[in-house]
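Just model-v5.tsv here, TSV, C-alpha atoms:
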chain	number	residue	atom	x	y	z
A	127	MET	CA	0.00	0.00	0.00
A	128	ASN	CA	1.34	3.35	-1.01
A	129	ARG	CA	0.04	6.18	1.09
A	130	ILE	CA	-0.01	9.58	-0.49
A	131	ASP	CA	-0.41	12.19	2.16
A	132	THR	CA	-0.85	15.20	-0.02
A	133	LEU	CA	-3.17	15.32	-2.96
A	134	PRO	CA	-1.81	16.51	-6.29
A	135	PRO	CA	-2.46	20.22	-6.84
A	136	GLU	CA	-5.72	20.86	-8.65
A	137	ILE	CA	-4.26	23.32	-11.09
A	138	GLU	CA	-1.66	20.81	-12.17
A	139	LEU	CA	-4.31	18.12	-12.73
A	140	ALA	CA	-6.46	20.54	-14.72
A	141	GLN	CA	-3.50	21.42	-16.92
A	142	LEU	CA	-2.68	17.74	-17.42
A	143	LEU	CA	-6.28	17.09	-18.45
A	144	GLN	CA	-6.10	19.91	-20.95
A	145	ARG	CA	-2.95	18.40	-22.41
A	146	CYS	CA	-4.70	15.01	-22.56
A	147	ALA	CA	-7.46	16.71	-24.54
A	148	ALA	CA	-4.73	17.72	-27.00
A	149	ARG	CA	-3.78	14.01	-27.18
A	150	ASP	CA	-0.53	14.37	-25.21
A	151	SER	CA	0.12	10.82	-24.04
A	152	ALA	CA	3.06	11.84	-21.83
A	153	ALA	CA	0.70	14.14	-19.90
A	154	PHE	CA	-1.77	11.28	-19.63
A	155	LYS	CA	0.90	9.04	-18.09
A	156	THR	CA	1.77	11.76	-15.57
A	157	LEU	CA	-1.91	12.22	-14.76
A	158	TYR	CA	-2.24	8.46	-14.33
A	159	ASP	CA	0.79	8.27	-12.03
A	160	LYS	CA	-0.51	11.08	-9.86
A	161	THR	CA	-4.14	10.01	-9.61
A	162	SER	CA	-4.41	6.25	-10.16
A	163	PRO	CA	-3.59	5.36	-6.52
A	164	ILE	CA	-6.47	7.61	-5.42
A	165	LEU	CA	-8.96	6.24	-7.94
A	166	PHE	CA	-7.81	2.65	-7.37
A	167	ALA	CA	-8.44	3.01	-3.64
A	168	ARG	CA	-11.87	4.48	-4.41
A	169	LEU	CA	-12.77	1.63	-6.78
A	170	LEU	CA	-11.49	-1.02	-4.38
A	171	ARG	CA	-13.69	0.47	-1.69
A	172	MET	CA	-16.72	-0.18	-3.88
A	173	LEU	CA	-15.78	-3.26	-5.89
A	174	ARG	CA	-13.73	-5.05	-3.19
A	175	ARG	CA	-12.15	-7.57	-5.54
A	176	ARG	CA	-8.74	-6.48	-6.77
A	177	SER	CA	-9.09	-8.08	-10.20
A	178	VAL	CA	-12.45	-6.37	-10.77
A	179	ALA	CA	-11.12	-3.03	-9.51
A	180	GLU	CA	-8.06	-3.29	-11.76
A	181	GLU	CA	-10.23	-3.86	-14.81
A	182	ALA	CA	-12.55	-1.05	-13.78
A	183	LEU	CA	-9.55	1.25	-13.34
A	184	GLN	CA	-8.55	0.59	-16.94
A	185	ASP	CA	-12.05	1.49	-18.12
A	186	VAL	CA	-12.00	4.64	-16.01
A	187	TYR	CA	-8.73	5.92	-17.51
A	188	VAL	CA	-9.85	5.03	-21.03
A	189	ARG	CA	-12.91	7.17	-20.33
A	190	ILE	CA	-10.82	9.97	-18.82
A	191	TRP	CA	-8.63	10.02	-21.95
A	192	GLU	CA	-11.67	10.00	-24.22
A	193	ARG	CA	-13.51	12.67	-22.28
A	194	ALA	CA	-10.58	14.90	-21.35
A	195	ALA	CA	-11.81	17.53	-23.80
A	196	GLN	CA	-15.08	17.63	-21.91
A	197	PHE	CA	-13.50	18.67	-18.65
A	198	GLU	CA	-13.98	22.35	-18.10
A	199	ALA	CA	-11.49	23.67	-15.61
A	200	HIS	CA	-13.71	26.55	-14.54
A	201	ARG	CA	-16.69	24.34	-13.80
A	202	GLY	CA	-15.25	21.95	-11.32
A	203	ARG	CA	-12.25	20.38	-9.75
A	204	ALA	CA	-10.26	17.95	-11.82
A	205	LEU	CA	-9.93	15.26	-9.17
A	206	ALA	CA	-13.63	15.42	-8.30
A	207	TRP	CA	-14.44	15.07	-12.01
A	208	MET	CA	-12.24	11.96	-12.25
A	209	VAL	CA	-13.58	10.47	-9.01
A	210	THR	CA	-17.13	10.88	-10.33
A	211	ILE	CA	-16.20	9.02	-13.52
A	212	ALA	CA	-14.71	6.25	-11.37
A	213	ARG	CA	-17.70	6.09	-9.04
A	214	TYR	CA	-20.28	5.95	-11.84
A	215	GLY	CA	-18.18	3.31	-13.59
A	216	ALA	CA	-18.15	1.15	-10.46
A	217	ILE	CA	-21.88	1.65	-9.85
A	218	ASP	CA	-22.70	0.71	-13.45
A	219	LEU	CA	-20.63	-2.43	-13.10
A	220	MET	CA	-22.17	-3.37	-9.75
A	221	ARG	CA	-25.73	-2.79	-10.92
A	222	ARG	CA	-25.20	-4.54	-14.22
A	223	GLU	CA	-23.54	-7.58	-12.75
A	224	ARG	CA	-25.66	-7.41	-9.60
A	225	MET	CA	-22.44	-7.87	-7.74
A	226	THR	CA	-22.79	-8.77	-4.15
A	227	LEU	CA	-19.44	-8.20	-2.64
A	228	VAL	CA	-20.48	-7.25	0.82
A	229	GLY	CA	-18.79	-9.09	3.60
A	230	ASP	CA	-20.04	-9.12	7.16
A	231	ASP	CA	-17.32	-6.70	8.10
A	232	ALA	CA	-18.42	-4.04	5.66
A	233	LEU	CA	-20.39	-2.10	8.22
A	234	ASP	CA	-17.48	-1.74	10.59
A	235	GLU	CA	-15.53	0.03	7.92
A	236	ILE	CA	-18.07	2.74	7.34
A	237	PRO	CA	-17.19	5.86	9.24
A	238	ASP	CA	-20.17	7.53	10.85
A	239	GLU	CA	-19.21	10.86	9.50
A	240	SER	CA	-17.99	11.70	6.08
A	241	ALA	CA	-14.37	12.66	5.87
A	242	SER	CA	-14.02	14.30	2.53
A	243	ASP	CA	-10.77	15.84	1.47
A	244	ASN	CA	-10.83	14.93	-2.20
A	245	THR	CA	-13.70	17.14	-3.16
A	246	GLU	CA	-15.13	20.49	-2.39
A	247	LYS	CA	-17.85	20.24	0.22
A	248	PRO	CA	-20.85	22.50	-0.05
A	249	ASN	CA	-21.02	25.17	2.65
A	250	ASN	CA	-22.28	23.74	5.90
A	251	PHE	CA	-22.27	20.20	4.60
A	252	ASP	CA	-21.01	18.90	7.93
A	253	PHE	CA	-23.74	20.73	9.78
A	254	CYS	CA	-26.47	19.47	7.44
A	255	ILE	CA	-25.29	15.85	7.41
A	256	GLY	CA	-25.10	16.08	11.19
A	257	GLN	CA	-28.77	17.00	11.30
A	258	LEU	CA	-29.76	13.62	9.86
A	259	ASN	CA	-30.41	10.72	12.18
A	260	ASP	CA	-27.85	7.93	12.45
A	261	ASN	CA	-29.82	5.45	10.34
A	262	THR	CA	-30.27	7.87	7.51
A	263	ARG	CA	-26.65	8.99	7.57
A	264	LYS	CA	-25.47	5.39	7.54
A	265	CYS	CA	-27.73	4.50	4.60
A	266	LEU	CA	-26.54	7.49	2.56
A	267	THR	CA	-22.91	6.70	3.32
A	268	LEU	CA	-23.28	3.01	2.44
A	269	ALA	CA	-24.85	3.99	-0.87
A	270	PHE	CA	-22.45	6.78	-1.82
A	271	VAL	CA	-19.17	5.50	-0.44
A	272	GLU	CA	-19.67	1.77	-0.93
A	273	GLY	CA	-22.04	1.82	-3.88
A	274	ARG	CA	-24.51	-0.42	-2.06
A	275	SER	CA	-28.01	-0.97	-3.43
A	276	HIS	CA	-31.20	-0.55	-1.38
A	277	ASP	CA	-31.38	-4.34	-0.91
A	278	GLU	CA	-27.80	-4.62	0.26
A	279	ILE	CA	-28.20	-1.74	2.69
A	280	ALA	CA	-31.34	-3.33	4.12
A	281	ARG	CA	-29.49	-6.61	4.60
A	282	LEU	CA	-26.37	-4.99	6.03
A	283	THR	CA	-28.15	-2.75	8.47
A	284	VAL	CA	-30.79	-5.41	9.27
A	285	ASN	CA	-33.63	-3.04	8.51
A	286	PRO	CA	-36.76	-3.48	6.38
A	287	LEU	CA	-36.24	-2.51	2.74
A	288	GLY	CA	-39.15	-0.06	2.92
A	289	SER	CA	-37.55	1.80	5.82
A	290	VAL	CA	-34.21	2.01	4.05
A	291	LYS	CA	-35.82	3.42	0.92
A	292	SER	CA	-37.78	5.96	2.87
A	293	TRP	CA	-34.80	7.05	5.03
A	294	ILE	CA	-32.76	7.58	1.90
A	295	ARG	CA	-35.52	9.51	0.15
A	296	ARG	CA	-36.22	11.72	3.14
A	297	GLY	CA	-32.54	12.08	3.97
A	298	LEU	CA	-31.76	13.39	0.50
A	299	LEU	CA	-34.64	15.83	0.71
A	300	SER	CA	-33.58	17.07	4.15
A	301	LEU	CA	-30.02	17.47	3.00
A	302	LYS	CA	-31.12	19.50	0.00
A	303	GLU	CA	-33.36	21.73	2.09
A	304	CYS	CA	-30.73	22.24	4.76
A	305	LEU	CA	-27.97	23.03	2.25
A	306	SER	CA	-30.12	25.48	0.32
A	307	SER	CA	-31.35	27.27	3.45
A	308	GLU	CA	-27.82	27.43	4.82
A	309	ARG	CA	-26.61	28.76	1.51
A	310	GLN	CA	-29.19	31.50	1.62
A	311	THR	CA	-28.24	32.56	5.10
A	312	THR	CA	-24.51	32.57	4.42
B	154	MET	CA	-43.57	9.13	-17.44
B	155	LYS	CA	-43.81	12.85	-17.94
B	156	THR	CA	-40.45	14.49	-17.66
B	157	SER	CA	-42.18	17.69	-16.65
B	158	ASN	CA	-42.58	16.34	-13.16
B	159	ARG	CA	-39.68	18.26	-11.69
B	160	GLU	CA	-39.97	16.82	-8.19
B	161	LEU	CA	-39.88	13.27	-9.42
B	162	LEU	CA	-36.98	14.07	-11.73
B	163	ASP	CA	-35.10	15.70	-8.90
B	164	ARG	CA	-35.63	12.64	-6.72
B	165	LEU	CA	-34.40	10.37	-9.49
B	166	ALA	CA	-31.42	12.67	-10.09
B	167	ALA	CA	-30.56	12.42	-6.39
B	168	GLU	CA	-30.74	8.62	-6.39
B	169	TYR	CA	-28.86	8.47	-9.69
B	170	VAL	CA	-25.97	10.41	-8.14
B	171	LEU	CA	-26.22	8.49	-4.88
B	172	GLY	CA	-26.14	5.28	-6.92
B	173	THR	CA	-29.26	3.56	-5.61
B	174	LEU	CA	-31.21	3.32	-8.87
B	175	ARG	CA	-31.42	-0.21	-10.19
B	176	PHE	CA	-29.62	-0.95	-13.45
B	177	ARG	CA	-32.58	-0.47	-15.77
B	178	ALA	CA	-33.81	2.63	-13.96
B	179	ARG	CA	-30.29	4.01	-14.14
B	180	ARG	CA	-30.14	3.41	-17.87
B	181	ARG	CA	-33.60	4.93	-18.39
B	182	PHE	CA	-32.63	7.95	-16.37
B	183	GLU	CA	-29.45	8.41	-18.37
B	184	ARG	CA	-31.60	8.81	-21.46
B	185	TRP	CA	-33.21	11.81	-19.79
B	186	LEU	CA	-29.78	13.31	-19.26
B	187	LEU	CA	-30.16	14.37	-22.87
B	188	SER	CA	-32.18	17.22	-21.45
B	189	PRO	CA	-30.13	20.15	-20.10
B	190	GLN	CA	-32.72	20.50	-17.33
B	191	VAL	CA	-32.03	17.00	-16.05
B	192	GLY	CA	-28.29	17.50	-16.53
B	193	ALA	CA	-28.47	20.54	-14.27
B	194	LEU	CA	-30.35	18.57	-11.59
B	195	VAL	CA	-27.67	15.86	-11.65
B	196	LYS	CA	-24.87	18.42	-11.49
B	197	ALA	CA	-26.51	20.06	-8.47
B	198	TRP	CA	-26.76	16.70	-6.69
B	199	GLU	CA	-23.15	15.86	-7.53
B	200	GLU	CA	-22.15	19.09	-5.83
B	201	ARG	CA	-24.42	18.48	-2.82
B	202	LEU	CA	-23.26	14.91	-2.23
B	203	ALA	CA	-19.56	15.64	-2.84
B	204	GLY	CA	-19.24	16.09	0.90
B	205	LEU	CA	-19.79	12.33	1.35
B	206	GLU	CA	-16.67	11.55	-0.69
B	207	PRO	CA	-14.29	9.74	1.69
B	208	HIS	CA	-10.60	10.44	2.02
B	209	LEU	CA	-8.99	7.05	1.59
B	210	PRO	CA	-5.37	5.99	1.83
B	211	SER	CA	-4.02	5.70	-1.70
B	212	ILE	CA	-3.31	2.26	-3.13
B	213	ALA	CA	-0.96	1.94	-6.09
B	214	PRO	CA	-2.42	-0.28	-8.82
B	215	PRO	CA	-0.18	-2.94	-10.42
B	216	ALA	CA	1.80	-1.98	-13.54
B	217	THR	CA	-0.38	-4.28	-15.67
B	218	VAL	CA	-3.23	-1.76	-15.43
B	219	TRP	CA	-1.25	0.97	-17.20
B	220	ARG	CA	0.00	-1.49	-19.81
B	221	GLY	CA	-3.61	-2.48	-20.49
B	222	ILE	CA	-4.62	1.16	-20.89
B	223	GLU	CA	-1.71	1.80	-23.25
B	224	THR	CA	-2.71	-1.17	-25.37
B	225	ARG	CA	-6.38	-0.28	-25.44
B	226	LEU	CA	-5.73	3.32	-26.42
B	227	LYS	CA	-2.80	2.46	-28.70
B	228	LEU	CA	-0.77	5.05	-26.82
B	229	ARG	CA	2.60	3.57	-27.57
B	230	LYS	CA	2.43	4.98	-31.06
B	231	LEU	CA	1.82	8.45	-29.67
B	232	GLY	CA	4.30	8.37	-26.83
B	233	ARG	CA	8.04	8.68	-26.91
B	234	ALA	CA	9.30	5.28	-27.92
B	235	SER	CA	12.65	4.02	-26.83
B	236	VAL	CA	15.41	3.28	-29.33
B	237	THR	CA	15.01	-0.42	-28.73
B	238	ARG	CA	11.31	-0.14	-29.43
B	239	TYR	CA	12.04	1.64	-32.72
B	240	LEU	CA	14.52	-1.13	-33.57
B	241	ALA	CA	11.95	-3.75	-32.72
B	242	ILE	CA	9.35	-2.03	-34.90
B	243	ALA	CA	11.88	-1.64	-37.73
B	244	ALA	CA	12.83	-5.31	-37.44
B	245	SER	CA	9.23	-6.45	-37.53
B	246	LEU	CA	8.47	-4.17	-40.51
B	247	LEU	CA	11.44	-5.68	-42.33
B	248	PHE	CA	10.23	-9.14	-41.45
B	249	PHE	CA	6.74	-8.48	-42.77
B	250	ALA	CA	8.14	-6.78	-45.88
B	251	MET	CA	10.21	-9.89	-46.58
B	252	LEU	CA	7.21	-12.10	-45.99
B	253	GLY	CA	5.27	-9.90	-48.39
B	254	VAL	CA	7.96	-10.23	-51.07
B	255	LEU	CA	8.00	-13.98	-50.66
B	256	ALA	CA	4.22	-14.17	-50.77
B	257	VAL	CA	3.94	-11.99	-53.85
B	258	ARG	CA	6.58	-14.06	-55.60
B	259	ASN	CA	4.52	-17.14	-55.03
B	260	TRP	CA	1.36	-15.54	-56.32
B	261	ASP	CA	0.18	-15.19	-59.82
B	262	GLU	CA	0.46	-11.50	-60.66
B	263	THR	CA	-3.27	-11.11	-61.12
B	264	SER	CA	-3.99	-12.32	-57.61
B	265	VAL	CA	-2.11	-9.48	-55.91
B	266	THR	CA	-4.65	-7.58	-53.86
B	267	PRO	CA	-4.52	-3.92	-52.87
B	268	PRO	CA	-3.80	-3.03	-49.21
B	269	VAL	CA	-6.61	-4.10	-46.91
B	270	GLN	CA	-9.27	-1.46	-46.50
B	271	LEU	CA	-11.97	-2.00	-43.97
B	272	ALA	CA	-15.36	-2.39	-45.58
B	273	ALA	CA	-18.27	-0.24	-44.46
B	274	THR	CA	-20.63	-2.42	-42.50
B	275	GLN	CA	-23.22	0.11	-41.30
B	276	LYS	CA	-24.25	3.59	-42.29
B	277	ALA	CA	-26.51	6.38	-41.09
B	278	PHE	CA	-27.63	9.67	-42.57
B	279	ILE	CA	-27.94	12.58	-40.19
B	280	GLU	CA	-30.60	14.59	-41.92
B	281	GLU	CA	-33.40	17.07	-41.61
B	282	ASN	CA	-35.33	15.37	-44.37
B	283	ALA	CA	-34.55	13.47	-47.56
B	284	GLU	CA	-33.43	16.68	-49.28
B	285	THR	CA	-31.32	18.02	-46.43
B	286	ILE	CA	-28.68	15.52	-45.41
B	287	TYR	CA	-25.98	16.98	-43.18
B	288	TRP	CA	-23.65	14.06	-42.58
B	289	ARG	CA	-23.13	10.55	-43.90
B	290	VAL	CA	-21.69	8.31	-41.19
B	291	GLU	CA	-20.09	4.99	-42.05
B	292	LEU	CA	-18.91	2.34	-39.63
B	293	LEU	CA	-16.10	0.23	-41.01
B	294	GLY	CA	-14.89	-3.27	-40.27
B	295	ASP	CA	-17.05	-4.39	-37.37
B	296	ASN	CA	-17.24	-0.87	-35.89
B	297	ARG	CA	-13.49	-0.50	-35.72
B	298	GLU	CA	-13.38	2.77	-37.63
B	299	LEU	CA	-15.65	5.63	-38.52
B	300	ASN	CA	-15.95	7.77	-41.62
B	301	LEU	CA	-17.77	11.10	-41.47
B	302	HIS	CA	-18.68	12.98	-44.62
B	303	VAL	CA	-20.15	16.46	-44.44
B	304	GLN	CA	-22.86	16.54	-47.10
B	305	GLN	CA	-24.40	19.90	-46.28
B	306	VAL	CA	-23.14	22.40	-43.77
B	307	HIS	CA	-25.22	22.44	-40.60
B	308	GLU	CA	-25.57	25.89	-39.07
B	309	LEU	CA	-23.66	25.98	-35.78
B	310	PRO	CA	-24.20	28.69	-33.13
B	311	PRO	CA	-20.98	30.34	-31.91
B	312	GLY	CA	-19.32	28.65	-28.93
B	313	LYS	CA	-21.10	25.36	-29.67
B	314	ALA	CA	-20.21	22.00	-31.18
B	315	PHE	CA	-22.10	19.05	-32.61
B	316	GLU	CA	-21.43	15.78	-30.86
B	317	LEU	CA	-22.17	12.32	-32.23
B	318	TRP	CA	-23.56	9.61	-29.95
B	319	ALA	CA	-24.19	5.91	-30.24
B	320	LEU	CA	-27.53	5.10	-28.62
B	321	THR	CA	-26.71	1.76	-27.05
B	322	ALA	CA	-29.08	-1.12	-26.55
B	323	SER	CA	-29.26	-0.27	-22.85
B	324	GLY	CA	-30.15	3.32	-23.66
B	325	THR	CA	-26.97	5.06	-22.52
B	326	PRO	CA	-25.55	7.37	-25.15
B	327	VAL	CA	-21.81	6.90	-25.71
B	328	SER	CA	-19.89	9.71	-27.37
B	329	LEU	CA	-18.32	9.04	-30.75
B	330	GLY	CA	-16.66	12.45	-30.76
B	331	LEU	CA	-17.43	15.82	-32.26
B	332	MET	CA	-18.87	16.23	-35.72
B	333	PRO	CA	-16.74	17.96	-38.33
B	334	THR	CA	-18.23	21.02	-39.98
B	335	THR	CA	-16.45	20.53	-43.31
B	336	GLY	CA	-14.86	17.81	-45.35
B	337	ASP	CA	-14.35	14.10	-44.83
B	338	HIS	CA	-13.04	12.68	-41.59
B	339	HIS	CA	-11.84	9.31	-40.50
B	340	ARG	CA	-11.30	8.09	-36.98
B	341	VAL	CA	-10.39	4.86	-35.23
B	342	LEU	CA	-12.85	3.92	-32.53
B	343	THR	CA	-11.92	2.84	-29.03
B	344	GLU	CA	-12.91	-0.47	-27.48
B	345	ALA	CA	-15.56	1.30	-25.39
B	346	GLN	CA	-17.03	2.93	-28.48
B	347	ARG	CA	-16.99	-0.37	-30.35
B	348	ALA	CA	-18.74	-2.06	-27.46
B	349	ALA	CA	-21.37	0.66	-27.42
B	350	LEU	CA	-21.93	0.33	-31.14
B	351	SER	CA	-22.24	-3.43	-31.07
B	352	GLY	CA	-25.83	-3.27	-29.86
B	353	ALA	CA	-26.67	0.22	-31.10
B	354	LYS	CA	-29.46	0.73	-33.60
B	355	GLN	CA	-29.37	4.52	-33.72
B	356	LEU	CA	-26.98	7.44	-33.71
B	357	ALA	CA	-27.79	10.87	-32.33
B	358	VAL	CA	-26.32	14.34	-32.68
B	359	SER	CA	-26.62	16.82	-29.85
B	360	LEU	CA	-25.67	20.47	-29.53
B	361	GLU	CA	-22.93	20.88	-26.91
B	362	PRO	CA	-20.58	23.56	-25.64
B	363	ALA	CA	-17.46	23.98	-27.79
B	364	GLY	CA	-15.16	21.06	-26.99
B	365	GLY	CA	-18.06	18.69	-26.36
B	366	SER	CA	-20.29	17.61	-23.53
B	367	PRO	CA	-18.79	18.41	-20.13
B	368	THR	CA	-20.42	15.40	-18.48
B	369	GLY	CA	-19.72	12.61	-20.93
B	370	LEU	CA	-23.41	12.40	-21.68
B	371	PRO	CA	-25.44	14.72	-23.90
B	372	THR	CA	-26.21	17.99	-22.14
B	373	GLY	CA	-27.68	20.03	-24.96
B	374	PRO	CA	-30.73	19.43	-27.13
B	375	VAL	CA	-30.66	16.33	-29.30
B	376	LEU	CA	-31.00	17.69	-32.81
B	377	HIS	CA	-31.06	14.48	-34.82
B	378	VAL	CA	-31.57	10.79	-34.28
B	379	ALA	CA	-30.77	8.53	-37.21
B	380	PRO	CA	-31.16	4.76	-37.60
B	381	LEU	CA	-28.13	2.65	-38.43
B	382	SER	CA	-28.63	0.42	-41.44
B	383	PRO	CA	-26.44	-2.13	-43.20
B	384	ALA	CA	-24.06	-0.42	-45.62

Rendering of file as structure tokens:
Amino acid sequence: MNRIDTLPPEIELAQLLQRCAARDSAAFKTLYDKTSPILFARLLRMLRRRSVAEEALQDVYVRIWERAAQFEAHRGRALAWMVTIARYGAIDLMRRERMTLVGDDALDEIPDESASDNTEKPNNFDFCIGQLNDNTRKCLTLAFVEGRSHDEIARLTVNPLGSVKSWIRRGLLSLKECLSSERQTT
Amino acid sequence: MKTSNRELLDRLAAEYVLGTLRFRARRRFERWLLSPQVGALVKAWEERLAGLEPHLPSIAPPATVWRGIETRLKLRKLGRASVTRYLAIAASLLFFAMLGVLAVRNWDETSVTPPVQLAATQKAFIEENAETIYWRVELLGDNRELNLHVQQVHELPPGKAFELWALTASGTPVSLGLMPTTGDHHRVLTEAQRAALSGAKQLAVSLEPAGGSPTGLPTGPVLHVAPLSPA
């Protein structure tokens, strides 16, 4: 395991993506070297199996190369853009294959609170997520961080499927309301 | 389902970003991403939920992953090759040239064939009507390559681009790149594009910001949908 304590500077990643858009393969290799350990860790978190995550990582970088021209530096952060491509890729794979990779230990690994450093948090995100009850927060985290489906979350948290669905639905709504009201007041 | 139901769409956008839609619902929803309205809802949810993104210890992938990417994207041709690689390429070219000479010698002169050109297997006309055809699109050799011919110039607003999409069997559009505004163009398709085309029955052209869709899925209005037919 190779721990990278500091994230690559955003501006550098954005510039590398722009060079990738101009079909600069050396820039792509640099981008890969700087970001693949982050995206691989993210994919492993969702897909669990190394072989599956390795294949998914290939797909993700093929997509990044193909879509580099679509990244607009002014509209978002480069790493967040790449993480989203990775996350959607993993979710697509999990839903398509109906992968059930959840071990019994999965729940222990879920932190109660989000600890985001990779992406820009909305203002007062911590406050708003803190307003949700524990069940709701856990369901949202299992879905977003682990890519778990409603059924898997119900099984993992030993709760009825209907409750899980409704917590998620209401949790998302509360989060939206809280974030928009906080945004207005700030 | 009426896409005018903003609340329902917003709920679906939230669950799309969260990842809890089932596979078919996810695919269906991605079709609605063609609408800029839905694209904006998704973008807003991506921003809201970004706070859930965990900070994980990095894990270096094995070197085989990069080699696989290089092979899939044929990057070695583009990158700086080492001297030994050039020598290897030169040696193999020489080898094949010699094979070619030997083969031609053994053939009757009339049986010598021209260099292999991929045959067009499917085509589509991006058109307004039978009289106004903007582009002829040809897929060559089992979707390995793409030819684009501009037949009539399509008016393009400033700061915009036309983007070509394969509408896959599952309903997710996959970008085939930007549409040229003049002339004939040829491009080699990636594995992902080939896979998307293997079950596709239609192509679509959407209006995007210059440089193409920022999301990887159509964000602007879909201007044309054209069926693919055997060439």

May I have the residues at most 7 Å from (-28.4, -2.3, -15.3) in the file's coordinates, counting all atoms listed in the file, as an MDAnalysis selection string?
-> (chainID A and resid 218 221:222) or (chainID B and resid 175:177 179:180)

Interatomic distance between atom CA of A:Ile217 and atom CA of B:Gly352?
->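 About the pair atom CA of A:Ile217 and atom CA of B:Gly352: they are 21.0 Å apart.
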
Could you name the residues that touch A:Val178 at 12 Å or less, counting only C-alpha atoms, but leaving out those on the same chain fewer than 2 positions away, as JSON, numbers by chain?
-> {"A": [166, 169, 170, 171, 172, 173, 174, 175, 176, 180, 181, 182, 183, 184, 185, 215, 216, 219, 220, 223, 225, 227], "B": [214, 218]}

Residues just named, written with C-alpha atoms as a PDB file, in the coordinates of the input:
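Writing the result to again-v8.pdb gives the following:
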ATOM      1  CA  PHE A 166      -7.810   2.650  -7.370  1.00  0.00           C
ATOM      2  CA  LEU A 169     -12.770   1.630  -6.780  1.00  0.00           C
ATOM      3  CA  LEU A 170     -11.490  -1.020  -4.380  1.00  0.00           C
ATOM      4  CA  ARG A 171     -13.690   0.470  -1.690  1.00  0.00           C
ATOM      5  CA  MET A 172     -16.720  -0.180  -3.880  1.00  0.00           C
ATOM      6  CA  LEU A 173     -15.780  -3.260  -5.890  1.00  0.00           C
ATOM      7  CA  ARG A 174     -13.730  -5.050  -3.190  1.00  0.00           C
ATOM      8  CA  ARG A 175     -12.150  -7.570  -5.540  1.00  0.00           C
ATOM      9  CA  ARG A 176      -8.740  -6.480  -6.770  1.00  0.00           C
ATOM     10  CA  GLU A 180      -8.060  -3.290 -11.760  1.00  0.00           C
ATOM     11  CA  GLU A 181     -10.230  -3.860 -14.810  1.00  0.00           C
ATOM     12  CA  ALA A 182     -12.550  -1.050 -13.780  1.00  0.00           C
ATOM     13  CA  LEU A 183      -9.550   1.250 -13.340  1.00  0.00           C
ATOM     14  CA  GLN A 184      -8.550   0.590 -16.940  1.00  0.00           C
ATOM     15  CA  ASP A 185     -12.050   1.490 -18.120  1.00  0.00           C
ATOM     16  CA  GLY A 215     -18.180   3.310 -13.590  1.00  0.00           C
ATOM     17  CA  ALA A 216     -18.150   1.150 -10.460  1.00  0.00           C
ATOM     18  CA  LEU A 219     -20.630  -2.430 -13.100  1.00  0.00           C
ATOM     19  CA  MET A 220     -22.170  -3.370  -9.750  1.00  0.00           C
ATOM     20  CA  GLU A 223     -23.540  -7.580 -12.750  1.00  0.00           C
ATOM     21  CA  MET A 225     -22.440  -7.870  -7.740  1.00  0.00           C
ATOM     22  CA  LEU A 227     -19.440  -8.200  -2.640  1.00  0.00           C
TER      23      LEU A 227
ATOM     24  CA  PRO B 214      -2.420  -0.280  -8.820  1.00  0.00           C
ATOM     25  CA  VAL B 218      -3.230  -1.760 -15.430  1.00  0.00           C
TER      26      VAL B 218
END

Tell me, as a list in words, which residues lie within 9 Å of B:Leu292, counting all atoms listed in the file; anything in the same chain fewer than 5 positions away does not count.
-> Ala272, Ala273, Thr274, Gln275, Lys276, Ala277, Arg297, Glu298, Leu299, Asn300 and Ala384 of chain B

Please, what distance in Å, to one decimal, runs between atom CA of A:Met208 and atom CA of B:Trp318?
->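 Atom-to-atom, atom CA of A:Met208 to atom CA of B:Trp318, that is 21.1 Å.
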
Looking at B:Glu206, B:Asp163, B:Glu316, B:Glu168, which one is nearest to chain A, with distances taken over all atoms listed in the file?
->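 Counting all atoms listed in the file, the residue closest to chain A is B:Glu206.
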
In Å to one decimal, how far is atom CA of B:Leu187 from atom CA of B:Ala314?
-> 15.0 Å
